[in-house]
$ cat run18.txt   # compact mmCIF, C-alpha atoms
# COMPACT_ATOMS: atom_id res chain seq x y z
CA MET A 190 -148.11 -24.09 103.16
CA LEU A 191 -150.93 -26.62 103.08
CA GLU A 192 -151.75 -25.79 106.70
CA PRO A 193 -153.24 -22.30 106.08
CA LEU A 194 -155.43 -23.78 103.34
CA ALA A 195 -156.82 -26.59 105.50
CA HIS A 196 -159.83 -24.63 106.80
CA ILE A 197 -160.83 -22.82 103.59
CA GLY A 198 -164.05 -24.22 102.16
CA ARG A 199 -163.99 -27.25 104.44
CA ASP A 200 -167.26 -28.89 105.44
CA PRO A 201 -166.93 -29.64 109.19
CA ALA A 202 -169.51 -32.41 108.94
CA THR A 203 -167.67 -34.45 106.30
CA GLY A 204 -164.12 -33.13 106.22
CA GLY A 205 -164.53 -32.57 102.48
CA TYR A 206 -163.92 -29.35 100.61
CA VAL A 207 -166.37 -27.18 98.65
CA ARG A 208 -164.36 -24.63 96.68
CA ASP A 209 -166.41 -23.65 93.64
CA GLY A 210 -164.87 -21.27 91.15
CA TRP A 211 -165.44 -17.59 92.10
CA SER A 212 -167.05 -18.57 95.43
CA ASP A 213 -166.07 -16.92 98.72
CA ALA A 214 -163.71 -19.84 99.39
CA ASP A 215 -162.12 -19.44 95.97
CA MET A 216 -161.62 -15.72 96.49
CA GLU A 217 -159.91 -16.42 99.82
CA LEU A 218 -157.63 -18.95 98.11
CA ARG A 219 -156.75 -16.38 95.46
CA GLU A 220 -155.75 -13.95 98.21
CA TRP A 221 -153.55 -16.66 99.73
CA PHE A 222 -151.85 -17.16 96.33
CA ALA A 223 -151.25 -13.42 96.00
CA GLY A 224 -149.74 -13.34 99.49
CA GLU A 225 -147.33 -16.19 98.71
CA ALA A 226 -146.27 -14.44 95.50
CA GLU A 227 -145.72 -11.15 97.33
CA ARG A 228 -143.64 -12.80 100.06
CA ARG A 229 -141.28 -14.09 97.39
CA GLY A 230 -141.12 -10.84 95.45
CA LEU A 231 -142.77 -12.40 92.40
CA ASP A 232 -144.57 -10.37 89.75
CA LEU A 233 -148.26 -11.25 90.17
CA ARG A 234 -150.58 -10.98 87.19
CA GLU A 235 -154.19 -11.98 86.61
CA ASP A 236 -155.08 -12.60 82.99
CA ARG A 237 -158.47 -11.66 81.57
CA ASN A 238 -159.84 -15.15 82.26
CA GLY A 239 -159.02 -15.00 85.96
CA ASN A 240 -155.95 -17.27 85.85
CA LEU A 241 -153.16 -16.15 88.21
CA TRP A 242 -149.48 -15.99 87.25
CA ALA A 243 -146.59 -15.28 89.63
CA TRP A 244 -143.35 -14.65 87.74
CA TRP A 245 -139.71 -14.86 88.82
CA GLY A 246 -138.23 -12.80 86.01
CA SER A 247 -139.99 -10.83 83.31
CA ALA A 248 -141.84 -13.05 80.85
CA SER A 249 -143.09 -11.77 77.51
CA ARG A 250 -144.06 -12.97 74.06
CA ASP A 251 -140.41 -12.62 73.03
CA ARG A 252 -139.09 -14.20 76.23
CA PRO A 253 -141.36 -17.10 77.24
CA GLY A 254 -140.67 -18.93 80.46
CA VAL A 255 -141.04 -22.24 82.24
CA VAL A 256 -144.26 -22.44 84.25
CA THR A 257 -145.43 -24.82 86.95
CA GLY A 258 -148.58 -24.88 89.11
CA SER A 259 -152.09 -26.27 89.15
CA HIS A 260 -155.43 -25.10 90.63
CA LEU A 261 -156.98 -24.35 94.04
CA ASP A 262 -160.71 -25.01 93.45
CA SER A 263 -162.17 -28.43 94.25
CA VAL A 264 -164.96 -30.79 93.37
CA ARG A 265 -167.72 -30.67 95.93
CA GLN A 266 -166.76 -32.69 98.99
CA GLY A 267 -163.30 -33.23 97.48
CA GLY A 268 -159.97 -33.82 99.14
CA ALA A 269 -157.16 -31.56 100.29
CA TYR A 270 -154.54 -32.49 97.69
CA ASP A 271 -156.20 -32.38 94.26
CA GLY A 272 -154.94 -29.05 92.93
CA PRO A 273 -153.49 -27.36 96.04
CA LEU A 274 -150.60 -29.85 96.22
CA GLY A 275 -149.43 -28.67 92.79
CA VAL A 276 -149.61 -24.98 93.69
CA VAL A 277 -147.95 -25.38 97.10
CA SER A 278 -145.24 -27.61 95.58
CA ALA A 279 -144.57 -24.98 92.91
CA PHE A 280 -143.82 -22.30 95.51
CA ALA A 281 -141.78 -24.78 97.57
CA ALA A 282 -139.74 -25.76 94.50
CA LEU A 283 -138.93 -22.09 93.83
CA ASP A 284 -137.76 -21.79 97.43
CA ILE A 285 -135.40 -24.75 96.92
CA LEU A 286 -133.98 -23.26 93.73
CA ARG A 287 -133.27 -19.98 95.49
CA ARG A 288 -131.55 -21.79 98.36
CA ARG A 289 -129.43 -23.61 95.78
CA GLY A 290 -128.46 -20.28 94.27
CA THR A 291 -130.02 -21.19 90.93
CA LYS A 292 -130.18 -18.36 88.40
CA PRO A 293 -132.78 -19.34 85.78
CA SER A 294 -131.81 -18.35 82.25
CA VAL A 295 -135.49 -17.87 81.41
CA PRO A 296 -138.42 -16.52 83.48
CA LEU A 297 -139.94 -19.03 85.90
CA GLY A 298 -143.64 -18.82 86.72
CA VAL A 299 -146.19 -20.29 89.12
CA ALA A 300 -149.72 -20.60 87.72
CA CYS A 301 -153.08 -21.04 89.40
CA PHE A 302 -155.79 -21.88 86.88
CA THR A 303 -159.39 -20.86 87.49
CA ASP A 304 -162.27 -23.34 87.92
CA GLU A 305 -160.35 -26.46 86.87
CA GLU A 306 -162.91 -28.85 88.32
CA GLY A 307 -165.97 -27.25 86.70
CA ALA A 308 -168.03 -27.98 89.81
CA ARG A 309 -170.04 -24.76 89.57
CA PHE A 310 -170.73 -24.30 85.86
CA GLY A 311 -170.27 -27.83 84.55
CA VAL A 312 -167.30 -27.24 82.24
CA PRO A 313 -163.93 -28.50 83.56
CA CYS A 314 -160.66 -26.60 83.06
CA MET A 315 -162.63 -23.40 82.46
CA GLY A 316 -159.65 -21.06 82.87
CA SER A 317 -157.31 -22.96 80.55
CA ARG A 318 -160.06 -23.63 77.99
CA LEU A 319 -160.84 -19.91 77.77
CA LEU A 320 -157.14 -19.03 77.68
CA THR A 321 -156.49 -21.33 74.72
CA GLY A 322 -159.74 -20.56 72.89
CA VAL A 323 -161.17 -24.07 73.25
CA LEU A 324 -164.23 -22.62 75.00
CA GLU A 325 -166.07 -19.80 73.26
CA PRO A 326 -166.68 -16.74 75.50
CA GLU A 327 -170.34 -16.48 74.47
CA ARG A 328 -171.05 -20.02 75.60
CA ALA A 329 -169.07 -19.62 78.81
CA LEU A 330 -170.82 -16.41 79.87
CA ALA A 331 -174.23 -18.02 79.43
CA LEU A 332 -173.44 -21.01 81.66
CA THR A 333 -175.49 -21.12 84.87
CA ASP A 334 -174.83 -22.59 88.29
CA ASP A 335 -177.32 -24.42 90.50
CA SER A 336 -178.75 -21.11 91.69
CA GLY A 337 -179.38 -19.91 88.15
CA ASP A 338 -176.57 -17.33 88.25
CA THR A 339 -174.70 -16.92 84.97
CA LEU A 340 -170.94 -16.83 84.73
CA ALA A 341 -171.30 -13.28 83.37
CA GLY A 342 -173.15 -12.20 86.51
CA VAL A 343 -170.75 -14.00 88.83
CA LEU A 344 -167.71 -12.38 87.19
CA THR A 345 -169.32 -8.96 87.42
CA LYS A 346 -170.03 -9.47 91.12
CA ALA A 347 -166.39 -10.50 91.60
CA GLY A 348 -165.26 -7.21 90.06
CA ARG A 349 -164.06 -8.72 86.79
CA ALA A 350 -164.88 -7.69 83.21
CA PRO A 351 -166.89 -10.61 81.83
CA TYR A 352 -166.91 -9.48 78.23
CA GLU A 353 -163.12 -9.43 78.09
CA ILE A 354 -162.75 -13.19 78.60
CA GLY A 355 -161.54 -15.39 75.76
CA ARG A 356 -158.43 -16.60 73.99
CA ASP A 357 -155.42 -14.70 75.30
CA ASP A 358 -152.52 -15.04 72.87
CA GLU A 359 -150.33 -12.60 74.77
CA THR A 360 -150.50 -14.61 78.00
CA LEU A 361 -150.28 -17.94 76.20
CA ALA A 362 -147.12 -16.85 74.38
CA MET A 363 -145.37 -16.33 77.72
CA VAL A 364 -145.61 -20.06 78.51
CA GLY A 365 -142.70 -21.80 76.83
CA THR A 366 -143.05 -25.03 78.83
CA PHE A 367 -145.59 -26.10 81.45
CA VAL A 368 -145.10 -28.74 84.15
CA GLU A 369 -147.97 -29.62 86.48
CA LEU A 370 -147.44 -31.60 89.67
CA HIS A 371 -150.52 -33.44 90.92
CA VAL A 372 -151.44 -36.09 93.44
CA GLU A 373 -151.98 -39.31 91.51
CA GLN A 374 -155.64 -40.19 91.07
CA GLY A 375 -155.14 -43.93 91.00
CA ARG A 376 -152.75 -46.61 92.28
CA GLY A 377 -150.13 -46.73 89.53
CA LEU A 378 -147.31 -45.50 91.74
CA VAL A 379 -148.37 -47.81 94.57
CA ASP A 380 -148.02 -50.74 92.19
CA GLU A 381 -144.65 -49.39 90.99
CA GLY A 382 -143.40 -48.84 94.54
CA ARG A 383 -142.24 -45.31 93.64
CA PRO A 384 -143.13 -41.93 95.23
CA VAL A 385 -143.05 -39.87 92.01
CA GLY A 386 -144.05 -40.60 88.42
CA VAL A 387 -144.44 -38.84 85.08
CA GLY A 388 -147.57 -38.54 82.96
CA ARG A 389 -147.65 -40.42 79.65
CA ALA A 390 -151.10 -39.50 78.38
CA ILE A 391 -154.58 -38.37 79.45
CA TRP A 392 -157.51 -40.46 78.33
CA PRO A 393 -160.10 -38.80 76.11
CA HIS A 394 -163.07 -37.79 78.22
CA GLY A 395 -166.27 -35.76 78.14
CA ARG A 396 -169.45 -34.75 79.93
CA TRP A 397 -172.94 -35.03 78.51
CA ARG A 398 -176.27 -33.78 79.86
CA PHE A 399 -179.30 -36.05 79.44
CA ASP A 400 -182.75 -34.48 79.86
CA PHE A 401 -185.62 -36.91 80.44
CA HIS A 402 -189.02 -35.24 80.05
CA GLY A 403 -192.22 -36.51 81.62
CA ARG A 404 -195.37 -35.12 83.21
CA ALA A 405 -195.43 -33.84 86.79
CA ASP A 406 -198.31 -35.27 88.76
CA HIS A 407 -199.47 -36.36 92.22
CA ALA A 408 -197.61 -39.33 93.72
CA GLY A 409 -200.68 -40.71 95.47
CA SER A 410 -203.64 -40.11 93.20
CA THR A 411 -202.09 -40.94 89.81
CA ARG A 412 -202.46 -44.56 88.71
CA LEU A 413 -199.29 -46.31 87.54
CA ALA A 414 -200.83 -46.87 84.13
CA ASP A 415 -201.49 -43.13 83.73
CA ARG A 416 -197.99 -41.96 84.64
CA ASP A 417 -195.33 -40.45 82.43
CA ASP A 418 -192.45 -40.75 84.89
CA PRO A 419 -189.03 -39.66 83.55
CA MET A 420 -187.29 -41.43 86.45
CA LEU A 421 -187.81 -44.76 84.70
CA PRO A 422 -185.89 -44.04 81.48
CA PHE A 423 -183.27 -42.26 83.60
CA ALA A 424 -182.78 -45.37 85.75
CA ARG A 425 -182.53 -47.52 82.63
CA MET A 426 -179.87 -45.18 81.24
CA VAL A 427 -177.73 -45.49 84.38
CA LEU A 428 -177.82 -49.29 84.21
CA ALA A 429 -177.21 -49.26 80.46
CA ALA A 430 -174.20 -46.97 80.93
CA ARG A 431 -172.58 -49.49 83.26
CA THR A 432 -173.27 -52.38 80.87
CA ALA A 433 -172.02 -50.47 77.82
CA ALA A 434 -168.90 -49.31 79.63
CA GLU A 435 -167.99 -52.87 80.58
CA ALA A 436 -168.59 -54.05 77.01
CA ARG A 437 -166.48 -51.28 75.45
CA GLY A 438 -163.65 -51.27 77.98
CA VAL A 439 -164.24 -47.70 79.20
CA VAL A 440 -165.66 -46.07 82.34
CA ALA A 441 -168.96 -44.20 82.66
CA THR A 442 -170.38 -42.36 85.66
CA VAL A 443 -173.61 -40.54 86.44
CA GLY A 444 -172.59 -38.43 89.42
CA LYS A 445 -174.99 -35.51 89.22
CA VAL A 446 -178.79 -35.57 88.91
CA ARG A 447 -181.31 -32.75 89.08
CA VAL A 448 -185.00 -33.61 89.55
CA SER A 449 -187.75 -31.08 88.92
CA PRO A 450 -189.84 -30.09 90.76
CA GLY A 451 -188.08 -32.22 93.37
CA ASN A 452 -190.98 -33.02 95.71
CA ALA A 453 -191.06 -36.31 97.59
CA ASN A 454 -194.81 -36.60 96.97
CA ALA A 455 -194.80 -35.74 93.27
CA ILE A 456 -193.93 -37.49 90.03
CA PRO A 457 -191.15 -35.41 88.44
CA GLY A 458 -191.66 -33.60 85.19
CA LEU A 459 -187.97 -33.46 84.30
CA VAL A 460 -184.88 -35.41 85.26
CA SER A 461 -181.52 -33.99 84.17
CA ALA A 462 -178.48 -36.24 84.52
CA TRP A 463 -174.83 -35.67 83.75
CA LEU A 464 -172.80 -38.52 82.29
CA ASP A 465 -169.00 -38.56 82.55
CA ALA A 466 -167.38 -41.05 80.14
CA ARG A 467 -163.67 -41.80 79.67
CA GLY A 468 -161.44 -44.45 78.20
CA ALA A 469 -158.20 -45.16 76.39
CA ASP A 470 -160.01 -45.33 73.04
CA GLU A 471 -161.82 -42.19 71.84
CA ARG A 472 -164.13 -44.05 69.49
CA ALA A 473 -165.26 -46.39 72.27
CA VAL A 474 -166.17 -43.42 74.49
CA ARG A 475 -168.13 -41.75 71.70
CA ASP A 476 -169.92 -44.99 70.80
CA LEU A 477 -170.98 -45.48 74.42
CA VAL A 478 -172.79 -42.14 74.40
CA THR A 479 -174.47 -43.05 71.12
CA ASP A 480 -175.62 -46.33 72.69
CA LEU A 481 -177.34 -44.44 75.49
CA ALA A 482 -179.24 -41.95 73.34
CA GLN A 483 -182.94 -42.86 73.45
CA ALA A 484 -185.91 -41.59 71.51
CA GLY A 485 -187.40 -38.53 73.22
CA VAL A 486 -184.29 -37.86 75.31
CA GLU A 487 -182.30 -34.68 74.82
CA VAL A 488 -178.53 -35.24 74.90
CA ARG A 489 -176.12 -32.30 74.91
CA GLU A 490 -172.33 -32.45 74.98
CA GLU A 491 -171.04 -30.03 77.61
CA SER A 492 -167.32 -30.70 77.27
CA TRP A 493 -164.95 -32.92 75.36
CA THR A 494 -161.20 -33.38 75.64
CA PRO A 495 -159.46 -35.60 73.05
CA VAL A 496 -156.64 -37.94 73.98
CA VAL A 497 -153.53 -36.07 75.11
CA ASP A 498 -150.17 -37.73 74.50
CA PHE A 499 -147.59 -35.65 76.31
CA ASP A 500 -144.47 -34.75 74.31
CA VAL A 501 -142.30 -37.89 74.25
CA ALA A 502 -138.93 -36.14 74.55
CA LEU A 503 -140.17 -33.89 77.36
CA ARG A 504 -141.76 -36.65 79.43
CA GLU A 505 -138.66 -38.87 79.07
CA ARG A 506 -136.48 -35.93 80.11
CA LEU A 507 -138.64 -35.47 83.21
CA ALA A 508 -138.45 -39.19 83.99
CA ARG A 509 -134.63 -39.09 83.90
CA VAL A 510 -134.34 -35.93 85.99
CA ALA A 511 -137.08 -36.74 88.53
CA GLY A 512 -136.20 -40.40 88.96
CA GLY A 513 -132.68 -40.11 90.36
CA ASP A 514 -130.68 -43.29 89.73
CA THR A 515 -133.63 -45.00 88.04
CA PRO A 516 -135.95 -43.10 85.66
CA ALA A 517 -139.36 -42.36 87.16
CA PRO A 518 -142.21 -44.54 85.87
CA ILE A 519 -144.28 -43.05 83.06
CA LEU A 520 -148.01 -43.56 83.60
CA PRO A 521 -151.29 -42.81 81.79
CA THR A 522 -154.20 -41.21 83.66
CA GLY A 523 -157.95 -41.06 83.29
CA ALA A 524 -158.13 -37.69 85.06
CA GLY A 525 -158.28 -34.40 83.16
CA HIS A 526 -155.88 -31.54 83.90
CA ASP A 527 -155.01 -28.04 82.72
CA ALA A 528 -151.72 -29.49 81.45
CA GLY A 529 -153.74 -31.52 78.95
CA ILE A 530 -155.56 -28.43 77.67
CA LEU A 531 -152.27 -26.55 77.21
CA ALA A 532 -150.66 -29.55 75.50
CA THR A 533 -153.56 -29.79 73.05
CA ALA A 534 -153.08 -26.08 72.28
CA GLY A 535 -149.44 -26.69 71.34
CA VAL A 536 -147.69 -25.71 74.57
CA PRO A 537 -144.98 -28.28 75.48
CA SER A 538 -146.44 -29.71 78.68
CA ALA A 539 -145.76 -32.51 81.13
CA MET A 540 -146.97 -33.83 84.48
CA LEU A 541 -145.43 -35.17 87.66
CA PHE A 542 -147.54 -37.42 89.90
CA VAL A 543 -147.11 -37.92 93.65
CA ARG A 544 -148.07 -41.30 95.09
CA ASN A 545 -151.55 -41.67 96.59
CA PRO A 546 -151.47 -44.65 99.01
CA THR A 547 -155.14 -45.55 98.57
CA GLY A 548 -155.70 -44.29 95.04
CA VAL A 549 -158.87 -42.54 96.27
CA SER A 550 -159.47 -39.05 94.89
CA HIS A 551 -162.34 -36.53 94.62
CA SER A 552 -163.13 -37.56 98.18
CA PRO A 553 -162.13 -36.50 101.71
CA ALA A 554 -160.17 -39.77 101.85
CA GLU A 555 -157.70 -38.46 99.26
CA HIS A 556 -154.19 -38.56 100.75
CA ALA A 557 -150.47 -38.31 100.15
CA GLU A 558 -147.75 -39.03 102.69
CA GLN A 559 -145.52 -36.17 103.85
CA ALA A 560 -142.37 -37.93 102.64
CA ASP A 561 -143.86 -38.47 99.19
CA CYS A 562 -144.96 -34.83 98.97
CA GLU A 563 -141.41 -33.76 99.83
CA ALA A 564 -140.02 -36.13 97.20
CA GLY A 565 -142.39 -34.54 94.71
CA VAL A 566 -141.17 -31.03 95.57
CA ILE A 567 -137.52 -32.05 95.17
CA ALA A 568 -138.30 -33.76 91.85
CA LEU A 569 -140.14 -30.66 90.65
CA ALA A 570 -137.26 -28.41 91.69
CA ASP A 571 -134.79 -30.64 89.82
CA VAL A 572 -137.01 -30.60 86.73
CA LEU A 573 -137.44 -26.82 86.78
CA GLU A 574 -133.71 -26.30 87.25
CA ASP A 575 -133.01 -28.56 84.28
CA LEU A 576 -135.61 -26.85 82.06
CA CYS A 577 -134.41 -23.36 83.00
CA ARG A 578 -130.79 -23.92 81.99

$ encode --input "run18.txt" --output "structure tokens"
Amino acid sequence: MLEPLAHIGRDPATGGYVRDGWSDADMELREWFAGEAERRGLDLREDRNGNLWAWWGSASRDRPGVVTGSHLDSVRQGGAYDGPLGVVSAFAALDILRRRGTKPSVPLGVACFTDEEGARFGVPCMGSRLLTGVLEPERALALTDDSGDTLAGVLTKAGRAPYEIGRDDETLAMVGTFVELHVEQGRGLVDEGRPVGVGRAIWPHGRWRFDFHGRADHAGSTRLADRDDPMLPFARMVLAARTAAEARGVVATVGKVRVSPGNANAIPGLVSAWLDARGADERAVRDLVTDLAQAGVEVREESWTPVVDFDVALRERLARVAGGDTPAPILPTGAGHDAGILATAGVPSAMLFVRNPTGVSHSPAEHAEQADCEAGVIALADVLEDLCR
């Protein structure tokens, strides 16, 4: 099932994927998901936040089910496995259960969450944040992409009803348990020598926008002494972020910068930079951002996810079922996921990780071996069968 997805949103020059939420590529991926659901006779639903649900059995508030899945969008120039592996594995696991003759005692669903990466509008896990009420609809609708288009306008163009988005208690109540399979974004399983692992916790993490204001002017005729160049405090912030991260035992990244007006022969008037900071200790992450705040610099928090400790009993149950003779290793992760948003909202949630031989992710070099992917599908099928008894 990964094969039909291989060309969608792929940049032929780099081999990376560009699958922004609600883009043409994303809409094509949503059609693929609908086709897979139809081929299996599943009940396809789209909630008011654009998340897709394919149900085997009739789920309701009074009869919640077990759900698995992930997302299909990508970071810009991302890899082929982050997200799609979880969705493809979910369908494949259902196929295994049907071949086994399994009759789930509760509804079993496959989910595809919208705009998990936040590449277009800057807020990760958009679909699950709206679903759970973590993200206010008013703020979400006003978000703009690089072209200046608002989420409200993009949803309208896609034929959706933008002013119906928001917390969806009816849909949320249908999810009794959620299990997300994902390619590991790190080398924990390589070090363990195991193809499949279980998530222990997700580090607290957030994104902040820094706006450095200066005065636009001519690059050739303006003396150095007369310049108000915002690139200088921006550069100092990047270096300070690295130093502060090392001192506090966390990680900090400036991966997106917007320079205005963006002329090679002009001093910029504004530099906007996005800081991503994560770590095992929430206070250390928060303190790092405080360290970087400078006089005259606007700092705005765009998203924050507190530490997520997955349910102990559930994750240990998954480790026993997925590990075979020896329980699967239980690992923390610094990557955010929809499973973390649902867990924070009170939905019993867990994660399975599939080994990544290089540990590289959010890059075309992201990879998982065929045998490990198959081991992940079998582990997921075993877990779903156990949870659906």

$ closest_residue --input "run18.txt" --among "A:Arg237, A:Lys445, A:His260, A:His551" --to "A:Glu359" --atoms "all atoms listed in the file"
A:Arg237

$ closest_residue --input "run18.txt" --among "A:Gln483, A:Ser550, A:Thr257, A:Thr321" --to "A:Ala362" --atoms "all atoms listed in the file"
A:Thr321

$ residues_around --input "run18.txt" --residues "A:Arg208" --least-positions-apart "5" --cutoff "8 Å" --atoms "all atoms listed in the file" --output "PyMOL selection string"
chain A and resi 197-198+214-215+261-265

$ residues_around --input "run18.txt" --residues "A:Ala570" --least-positions-apart "4" --cutoff "9 Å" --atoms "only C-alpha atoms" --output "list in words"
Ser278, Ala279, Ala281, Ala282, Leu283, Asp284, Ile285, Leu286, Ala511, Gly565, Val566, Glu574 and Asp575 of chain A

$ residues_around --input "run18.txt" --residues "A:Leu421" --least-positions-apart "6" --cutoff "10 Å" --atoms "all atoms listed in the file" --output "list of chain:residue names"
A:Phe401, A:Gly403, A:Val460

$ closest_residue --input "run18.txt" --among "A:Leu464, A:Cys314, A:Val448, A:Leu459" --to "A:Met426" --atoms "all atoms listed in the file"
A:Leu464

$ closest_residue --input "run18.txt" --among "A:Pro326, A:Gly337, A:Gly224, A:Gly365" --to "A:Arg252" --atoms "only C-alpha atoms"
A:Gly365

$ closest_residue --input "run18.txt" --among "A:Gly311, A:Pro351, A:Gly275, A:Pro201" --to "A:Gly239" --atoms "only C-alpha atoms"
A:Pro351

$ closest_residue --input "run18.txt" --among "A:Asp271, A:Asp418, A:Glu373, A:Asp236" --to "A:Leu361" --atoms "all atoms listed in the file"
A:Asp236

$ residues_around --input "run18.txt" --residues "stretch 529-539 of chain A" --least-positions-apart "4" --cutoff "9 Å" --atoms "all atoms listed in the file" --output "number ranges by chain"
A: 314, 317-318, 320-323, 361-362, 364-370, 387-391, 494-500, 503-504, 507, 525

$ atom_distance --input "run18.txt" --atom1 "atom CA of A:Gly230" --atom2 "atom CA of A:Ser294"
17.8 Å

$ residues_around --input "run18.txt" --residues "stretch 409-414 of chain A" --least-positions-apart "6" --cutoff "10 Å" --atoms "only C-alpha atoms" --output "list of chain:residue names"
A:Asn454, A:Ala455, A:Ile456

$ write_last_selection --input "run18.txt" --atoms "C-alpha atoms" --output "CSV table (one decimal), in the coordinates of the input"
chain,number,residue,atom,x,y,z
A,454,ASN,CA,-194.8,-36.6,97.0
A,455,ALA,CA,-194.8,-35.7,93.3
A,456,ILE,CA,-193.9,-37.5,90.0

$ atom_distance --input "run18.txt" --atom1 "atom CA of A:Asn545" --atom2 "atom CA of A:Gly258"
18.6 Å

$ atom_distance --input "run18.txt" --atom1 "atom CA of A:Asn240" --atom2 "atom CA of A:Gly272"
13.8 Å

$ axis_aligned_box --input "run18.txt" --around "stretch 322-339 of chain A" --padding-each-side "4 Å" --output "JSON"
{"center_x": -169.6, "center_y": -20.4, "center_z": 82.3, "size_x": 27.6, "size_y": 16.0, "size_z": 26.8}
